[in-house]
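**Student:** To start, I am sharing the structure in question, which I have written as structure tokens.
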Protein chains: 2
Amino acid sequence: MKKIGKQSVNINTNVSIFSSGSIVGKKENEGPLSKYFDRYDDDAYFGEDSWEKAEVKILKTAMDIAVEKSGLQITDIDYILSGDLLNQSMSSTFAVKDFNLPYLGLFGACSSIGLGLSLSSMLIDGEFAQTVMIGASSHFCTAEKQFRSPLGLGSQRNLTTTWTVTGSGAMIIKKTDNGPFIRRVTTGKIVDMGIKDAFNMGAAMAPSAYDTIKAHHEDFGLPYDYYDLIITGDLGYLGSQLVLELFEKDNIFLKNLDDCGKLIFDKEKQDTHEGGSGCGCSAVTFSGLILDRIKKGELKKVLFIPTGALMSSTSVQQDLSIPCISHAVGIENE
Amino acid sequence: MKKIGKQSVNINTNVSIFSSGSIVGKKENEGPLSKYFDRYDDDAYFGEDSWEKAEVKILKTAMDIAVEKSGLQITDIDYILSGDLLNQSMSSTFAVKDFNLPYLGLFGACSSIGLGLSLSSMLIDGEFAQTVMIGASSHFCTAEKQFRSPLGLGSQRNLTTTWTVTGSGAMIIKKTDNGPFIRRVTTGKIVDMGIKDAFNMGAAMAPSAYDTIKAHHEDFGLPYDYYDLIITGDLGYLGSQLVLELFEKDNIFLKNLDDCGKLIFDKEKQDTHEGGSGCGCSAVTFSGLILDRIKKGELKKVLFIPTGALMSSTSVQQDLSIPCISHAVGIENE
């Protein structure tokens with residue numbers, strides 16, 4: 001058995017993050033991580049006639065870039081795994097349909113790219129595949145329209161809200177001896193502390209991130225300073241602070257915690273309140289900035305934990321709480 | 001490598017469908033399969049105050065029944081995998097959250113239980129888990145409201161429509177030497193023949209079922225009469241006929257094809273037009289009737305292919321076609 005502890009598995013073979021592709025919108029390109037993204041467009045429609053079609057296009061584009069950079073043929077890929085925020089995962093379905101490859105649809109909200117990394121590692125380590133492509137996307141306008149208010153209404157944004165990233169990230173995961181390698185996987189449990197405020201997702205998701213980070217270190221018996229960086233998906237400033245405080249109650253003082261949502265926008269200049277969010281936030285920050293730093297050797301060991309809030313507009317309207325989940329993958333460059 | 005052909009894998013160890021649970025609504029209980037379901041309720045709300053909460057409740061109930069019948073403890077289960085039709089898979093999220101187990105959220109629309117069977121087999125055969133619980137659900141009122149028209153409108157139903165099954169099915173998949181066993185998995189590709197009529201899902205999904213059935217037999221080199229029964233998810237009468245016709249063009253004449261959507265309702269008496277549909281249709285028909293027939297030895301080899309139409313109301317409103325997917329699992333009682 002490769003299972004270790006309560007919710008983790010060891011990836012024993014060399015499963016590598018072989019290639020990646022990312023594309024973002026105007027605001028993300030104006031932010032501090034601009035140079036790490038492969039492509040951007042100032043047009044929120046990306047040349048399409050609806051925001052949803054734009055999101056389909058950017059997810060397909062990120063996948064096309066990942067394939068192009070890998071030097072592989074489409075037919076070398078055994079499976080595609082993808083997920084997004086749109087109802088019935090519309091972006092993923094329409095983005096992958098013309099690849100003509102076996103497709104496993106995922107739903108993990110903003111943790112989707114973590115779900116993709118986890119399952120692709122297991123499929124490869126279990127010898128069911130050699131090469132898997134994963135993707136995730138979000139778009140400010142499609143998410144805002146679907147989960148919050150019509151864009152044209154110009155509603156004022158609560159200070160605790162995050163800004164949904166317009167962006168898509170894709171990665172090709174492959175059995176090969178060139179790293180970085182996915183060494184450990186911890187699958188999240190749903191954590192629901194009863195928070196109902198859909199304008200404060202950081203607070204809703206923080207206990208879930210805490211739960212998965214803790215399970216990961218306990219399952220593998222790792223000290224909390226084992227990783228050079230523990231990077232969550234889209235908790236933002238408040239959510240990230242709450243994770244630190246939850247660990248402090250256990251007398252654990254994390255020095256290596258950061259969050260993709262905090263990194264992707266300039267808090268002072270971009271008026272994004274709590275930071276970035278959405279499936280695309282962690283997908284592009286990881287496949288852009290973090291992978292780059294790992295490949296340069298600036299980071300040797302990274303725990304990547306995309307965080308997801310699994311509510312729908314229906315569950316919020318029916319006054320239900322926000323169940324959250326976080327999936328962690330331990331990545332090492334050797 | 002366990003991969004065989006273009007889109008299939010062999011499951012080499014004894015991965016068994018160990019236990020199952022099903023619950024249905026009034027109409028399903030009045031149908032011909034009544035005695036095969038574990039539980040039913042005449043109240044469309046199942047004691048809850050919304051249809052969505054009712055769907056959450058029945059999915060949780062099906063899982064509770066599967067656990068109870070298995071004699072296992074909740075803590076014996078390594079992962080839960082689930083999927084449904086509601087926006088952001090609301091039924092699955094809220095049904096599984098209190099189990100406190102690692103959760104992998106799936107999206108395959110009405111093919112979800114096939115996705116669950118496929119991935120759980122791979123997780124177990126790959127030694128990442130010993131025991132996995134899977135589930136899928138649908139509810140006539142939540143689906144009708146979300147994808148078609150408000151129920152109160154009393155819209156007339158096209159003759160090509162299917163009737164969404166109110167029902168949830170769950171199964172416990174376990175490594176054990178008592179069958180029935182999952183021996184073969186074929187993961188579907190998205191097939192989109194450009195059909196846009198959301199009131200004729202059978203026609204939209206038939207080419208996808210044909211594609212996966214064909215890939216399965218070709219990948220494993222099996223004759224088309226190898227299985228005692230090839231059973232699709234929710235194609236209905238027209239869709240099922242179209243699959244036969246597609247095979248006839250290849251000079252293949254299937255004698256062993258049936259469809260859960262055709263079996264679950266009485267066409268003459270229940271006014272359900274094309275038959276049953278929804279994630280719950282294949283989940284309860286398989287975990288009720290088909291598993292029972294396999295266990296009694298009436299069926300020795302079954303190919304189960306849940307079929308999914310991956311559109312959303314947004315994609316339909318934007319005049320996009322209906323991409324479809326079908327996932328197949330080959331089950332044998334020895």
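Ligands are numbered from 1 in the order shown, chains are lettered A, B, ... in the order of the structure tokens, and residues start at 1 in each chain.
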Chain B near chain A within 8 Å: what's each residue's closest atom pair and its distance in Å to one decimal, counting only C-alpha atoms, ordered by chain then ascending residue number, as JSON lines?
**Tutor:**
```
{"residue": "B:Met1", "atom": "CA", "partner": "A:Glu127", "partner_atom": "CA", "distance": 5.0}
{"residue": "B:Lys2", "atom": "CA", "partner": "A:Phe128", "partner_atom": "CA", "distance": 5.3}
{"residue": "B:Lys3", "atom": "CA", "partner": "A:Phe128", "partner_atom": "CA", "distance": 5.3}
{"residue": "B:Lys6", "atom": "CA", "partner": "A:Asp78", "partner_atom": "CA", "distance": 7.9}
{"residue": "B:Gln7", "atom": "CA", "partner": "A:Pro102", "partner_atom": "CA", "distance": 6.1}
{"residue": "B:Val9", "atom": "CA", "partner": "A:Phe128", "partner_atom": "CA", "distance": 6.4}
{"residue": "B:Asp78", "atom": "CA", "partner": "A:Gln7", "partner_atom": "CA", "distance": 7.3}
{"residue": "B:Leu85", "atom": "CA", "partner": "A:Gln88", "partner_atom": "CA", "distance": 7.1}
{"residue": "B:Leu86", "atom": "CA", "partner": "A:Gln88", "partner_atom": "CA", "distance": 7.5}
{"residue": "B:Asn87", "atom": "CA", "partner": "A:Asn87", "partner_atom": "CA", "distance": 4.8}
{"residue": "B:Gln88", "atom": "CA", "partner": "A:Ser312", "partner_atom": "CA", "distance": 5.6}
{"residue": "B:Ser89", "atom": "CA", "partner": "A:Phe107", "partner_atom": "CA", "distance": 7.4}
{"residue": "B:Met90", "atom": "CA", "partner": "A:Ser312", "partner_atom": "CA", "distance": 6.6}
{"residue": "B:Thr93", "atom": "CA", "partner": "A:Leu310", "partner_atom": "CA", "distance": 6.9}
{"residue": "B:Phe94", "atom": "CA", "partner": "A:Pro323", "partner_atom": "CA", "distance": 7.5}
{"residue": "B:Val96", "atom": "CA", "partner": "A:Ile190", "partner_atom": "CA", "distance": 7.9}
{"residue": "B:Lys97", "atom": "CA", "partner": "A:Ile190", "partner_atom": "CA", "distance": 5.2}
{"residue": "B:Asp98", "atom": "CA", "partner": "A:Ile190", "partner_atom": "CA", "distance": 7.8}
{"residue": "B:Asn100", "atom": "CA", "partner": "A:Lys189", "partner_atom": "CA", "distance": 5.9}
{"residue": "B:Leu101", "atom": "CA", "partner": "A:Lys189", "partner_atom": "CA", "distance": 5.3}
{"residue": "B:Pro102", "atom": "CA", "partner": "A:Lys189", "partner_atom": "CA", "distance": 4.3}
{"residue": "B:Tyr103", "atom": "CA", "partner": "A:Lys189", "partner_atom": "CA", "distance": 5.5}
{"residue": "B:Leu104", "atom": "CA", "partner": "A:Leu115", "partner_atom": "CA", "distance": 7.3}
{"residue": "B:Gly105", "atom": "CA", "partner": "A:Phe107", "partner_atom": "CA", "distance": 4.8}
{"residue": "B:Leu106", "atom": "CA", "partner": "A:Leu106", "partner_atom": "CA", "distance": 4.5}
{"residue": "B:Phe107", "atom": "CA", "partner": "A:Gly105", "partner_atom": "CA", "distance": 4.8}
{"residue": "B:Gly108", "atom": "CA", "partner": "A:Gly105", "partner_atom": "CA", "distance": 5.8}
{"residue": "B:Ala109", "atom": "CA", "partner": "A:Gln88", "partner_atom": "CA", "distance": 7.4}
{"residue": "B:Leu115", "atom": "CA", "partner": "A:Leu104", "partner_atom": "CA", "distance": 7.3}
{"residue": "B:Met122", "atom": "CA", "partner": "A:Leu123", "partner_atom": "CA", "distance": 7.3}
{"residue": "B:Leu123", "atom": "CA", "partner": "A:Met122", "partner_atom": "CA", "distance": 7.3}
{"residue": "B:Asp125", "atom": "CA", "partner": "A:Gly126", "partner_atom": "CA", "distance": 7.6}
{"residue": "B:Gly126", "atom": "CA", "partner": "A:Gly126", "partner_atom": "CA", "distance": 4.3}
{"residue": "B:Glu127", "atom": "CA", "partner": "A:Met1", "partner_atom": "CA", "distance": 4.9}
{"residue": "B:Phe128", "atom": "CA", "partner": "A:Lys2", "partner_atom": "CA", "distance": 5.2}
{"residue": "B:Ala129", "atom": "CA", "partner": "A:Lys3", "partner_atom": "CA", "distance": 6.5}
{"residue": "B:Thr187", "atom": "CA", "partner": "A:Pro102", "partner_atom": "CA", "distance": 5.4}
{"residue": "B:Gly188", "atom": "CA", "partner": "A:Pro102", "partner_atom": "CA", "distance": 5.2}
{"residue": "B:Lys189", "atom": "CA", "partner": "A:Pro102", "partner_atom": "CA", "distance": 4.3}
{"residue": "B:Ile190", "atom": "CA", "partner": "A:Lys97", "partner_atom": "CA", "distance": 5.3}
{"residue": "B:Val191", "atom": "CA", "partner": "A:Lys97", "partner_atom": "CA", "distance": 7.2}
{"residue": "B:Asp192", "atom": "CA", "partner": "A:Lys97", "partner_atom": "CA", "distance": 7.7}
{"residue": "B:Leu310", "atom": "CA", "partner": "A:Gln88", "partner_atom": "CA", "distance": 6.8}
{"residue": "B:Met311", "atom": "CA", "partner": "A:Gln88", "partner_atom": "CA", "distance": 6.9}
{"residue": "B:Ser312", "atom": "CA", "partner": "A:Gln88", "partner_atom": "CA", "distance": 5.6}
{"residue": "B:Thr314", "atom": "CA", "partner": "A:Asn87", "partner_atom": "CA", "distance": 7.9}
{"residue": "B:Ser315", "atom": "CA", "partner": "A:Met90", "partner_atom": "CA", "distance": 7.2}
{"residue": "B:Pro323", "atom": "CA", "partner": "A:Lys97", "partner_atom": "CA", "distance": 7.3}
```
**Student:** Could you please write out, as a ChimeraX atom specification, every residue of segment 125-159 of chain A that DSSP assigns to strand (DSSP E or B)?
**Tutor:** /A:131-138
**Student:** Give me the residues near segment 201-203 of chain B as a VMD selection string, where near means some atom within 6 Å (using only C-alpha atoms) and where sequence neighbours in that chain fewer than 5 positions away do not count.
**Tutor:** chain B and resid 235 to 236 239
**Student:** Got time to write the residues from that selection, C-alpha atoms, as a PDB file, in the first residue's frame?
**Tutor:**
```pdb
ATOM      1  CA  LEU B 235     -30.058   7.001 -23.636  1.00  0.00           C
ATOM      2  CA  GLY B 236     -33.758   6.116 -23.615  1.00  0.00           C
ATOM      3  CA  GLY B 239     -30.845   7.000 -28.149  1.00  0.00           C
TER       4      GLY B 239
END
```
**Student:** Assign secondary structure with DSSP using the backbone only, and return the residues of segment 168-290 of chain B in helix (DSSP H, G or I) as a PyMOL selection string.
**Tutor:** chain B and resi 201-220+236-248+260-263+267-270+279-290
**Student:** Measure the distance from atom CA of Asn158 of chain B to atom CA of Ala198 of chain B in Å and round it to one decimal.
**Tutor:**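 Separating atom CA of Asn158 of chain B from atom CA of Ala198 of chain B is a distance of 10.3 Å.
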**Student:** For Gly167 of chain A, work out the shell of residues within 10 Å, counting only C-alpha atoms and skipping chain neighbours fewer than 2 positions away, then give it as JSON, numbers by chain.
**Tutor:** {"A": [22, 23, 24, 25, 26, 28, 29, 37, 39, 40, 55, 58, 59, 62, 136, 137, 138, 139, 140, 164, 165, 169, 278, 279, 280, 281, 282, 283, 284, 285]}
**Student:** Residues at most 9 Å from His217 of chain B, counting only C-alpha atoms, excluding those fewer than 6 positions away in the same chain, as a ChimeraX atom specification?
**Tutor:** /B:223-224,226
**Student:** Give me a file of those residues, with C-alpha atoms, as a short mmCIF file (atom, residue, chain, number, x, y, z; two decimals), in the first residue's frame.
**Tutor:**
```
data_model
loop_
_atom_site.label_atom_id
_atom_site.label_comp_id
_atom_site.auth_asym_id
_atom_site.auth_seq_id
_atom_site.Cartn_x
_atom_site.Cartn_y
_atom_site.Cartn_z
CA PRO B 223 -15.99 -9.92 -29.62
CA TYR B 224 -19.20 -7.90 -29.41
CA TYR B 226 -18.47 -11.21 -25.07
#
```
**Student:** When you count only C-alpha atoms, which of these residues is closest to Val243 of chain A: A:Asp228, A:Asp219, A:Asp211, A:Glu268?
**Tutor:**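 Of A:Asp228, A:Asp219, A:Asp211, A:Glu268, the one nearest Val243 of chain A, counting only C-alpha atoms, is A:Asp211.
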**Student:** Could you list, as a VMD selection string, every residue within 10 Å of Asp177 of chain A, counting only C-alpha atoms and ignoring same-chain residues fewer than 2 positions away?
**Tutor:** chain A and resid 13 to 16 18 174 to 175 179 to 181 334
**Student:** Once you have the residues from the selection above, write them out as a PDB file, in the first residue's frame, restricted to C-alpha atoms.
**Tutor:**
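Contents of again_5.pdb, as written:
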```
ATOM      1  CA  THR A  13       8.099   6.717  -9.087  1.00  0.00           C
ATOM      2  CA  ASN A  14       9.448   9.834 -10.780  1.00  0.00           C
ATOM      3  CA  VAL A  15       6.293  11.728 -11.665  1.00  0.00           C
ATOM      4  CA  SER A  16       7.367  15.077 -13.053  1.00  0.00           C
ATOM      5  CA  PHE A  18       7.023  18.269 -17.321  1.00  0.00           C
ATOM      6  CA  LYS A 174       4.790  12.794 -17.009  1.00  0.00           C
ATOM      7  CA  LYS A 175       6.804   9.836 -15.843  1.00  0.00           C
ATOM      8  CA  GLY A 179      12.108  17.029 -12.118  1.00  0.00           C
ATOM      9  CA  PRO A 180      10.444  18.765 -10.437  1.00  0.00           C
ATOM     10  CA  PHE A 181       8.740  15.694  -9.026  1.00  0.00           C
ATOM     11  CA  GLU A 334      15.288  16.323  -7.002  1.00  0.00           C
TER      12      GLU A 334
END
```
